[in-house]
Amino acid sequence: MRVTAWQKHKAGIDLFRIAEVYKQFRSDLSDKEALKLAMLGNPDLAEPYLGCPVRRDAVDEVRKFLYQAH
């Protein structure tokens, strides 16, 4: 996988925005936890950001976690 610096930067910005939305759903999440969930929930963005493959079977699990009562 070849990723340009611009693609990595853009993916990082998008993941950060998603993480902020996740924190609105679950105010108990730290920045780090929200970013990790954003990466698991959006593997197409996480792969260029990290530069390595990301598991694709966690999207539904992330959604369930965000909507469960805390």
# chains A, B, ... in the order shown; residues from 1 in each chain; ligands from 1

$ residues_around --residues "Gln7 of chain A" --least-positions-apart "3" --cutoff "12 Å" --atoms "only C-alpha atoms" --output "number ranges by chain"
A: 1-4, 10-14, 44-51

$ write_last_selection --atoms "C-alpha atoms" --output "PDB file, in the first residue's frame"
ATOM      1  CA  MET A   1       0.000   0.000   0.000  1.00  0.00           C
ATOM      2  CA  ARG A   2       1.495   3.263  -1.109  1.00  0.00           C
ATOM      3  CA  VAL A   3       0.095   6.376   0.538  1.00  0.00           C
ATOM      4  CA  THR A   4       1.074   9.970  -0.096  1.00  0.00           C
ATOM      5  CA  LYS A  10      -6.515  13.951   4.970  1.00  0.00           C
ATOM      6  CA  ALA A  11      -7.345  10.574   6.528  1.00  0.00           C
ATOM      7  CA  GLY A  12      -6.051  11.807   9.897  1.00  0.00           C
ATOM      8  CA  ILE A  13      -8.231  14.904   9.778  1.00  0.00           C
ATOM      9  CA  ASP A  14     -11.292  12.838   8.848  1.00  0.00           C
ATOM     10  CA  ASP A  44     -10.876   2.722   4.685  1.00  0.00           C
ATOM     11  CA  LEU A  45      -9.594   5.851   6.433  1.00  0.00           C
ATOM     12  CA  ALA A  46      -7.466   4.045   9.005  1.00  0.00           C
ATOM     13  CA  GLU A  47      -5.393   2.147   6.452  1.00  0.00           C
ATOM     14  CA  PRO A  48      -3.940   5.193   4.693  1.00  0.00           C
ATOM     15  CA  TYR A  49      -3.504   6.943   8.050  1.00  0.00           C
ATOM     16  CA  LEU A  50      -1.620   4.035   9.629  1.00  0.00           C
ATOM     17  CA  GLY A  51      -0.031   2.675   6.478  1.00  0.00           C
TER      18      GLY A  51
END

$ residues_around --residues "Lys64 of chain A" --least-positions-apart "6" --cutoff "12 Å" --atoms "only C-alpha atoms" --output "JSON, numbers by chain"
{"A": [22, 25, 26, 37, 41, 58, 70]}

$ atom_distance --atom1 "atom CA of Arg56 of chain A" --atom2 "atom CA of Leu40 of chain A"
7.4 Å

$ closest_residue --among "A:Lys23, A:Lys32, A:Arg55, A:Lys8" --to "Tyr67 of chain A" --atoms "only C-alpha atoms"
A:Lys23

$ atom_distance --atom1 "atom CA of Ala5 of chain A" --atom2 "atom CA of Glu20 of chain A"
22.7 Å

$ atom_distance --atom1 "atom CA of Leu35 of chain A" --atom2 "atom CA of Gln68 of chain A"
18.2 Å

$ closest_residue --among "A:Leu66, A:Val59, A:Asn42, A:Val54" --to "Arg17 of chain A" --atoms "only C-alpha atoms"
A:Asn42
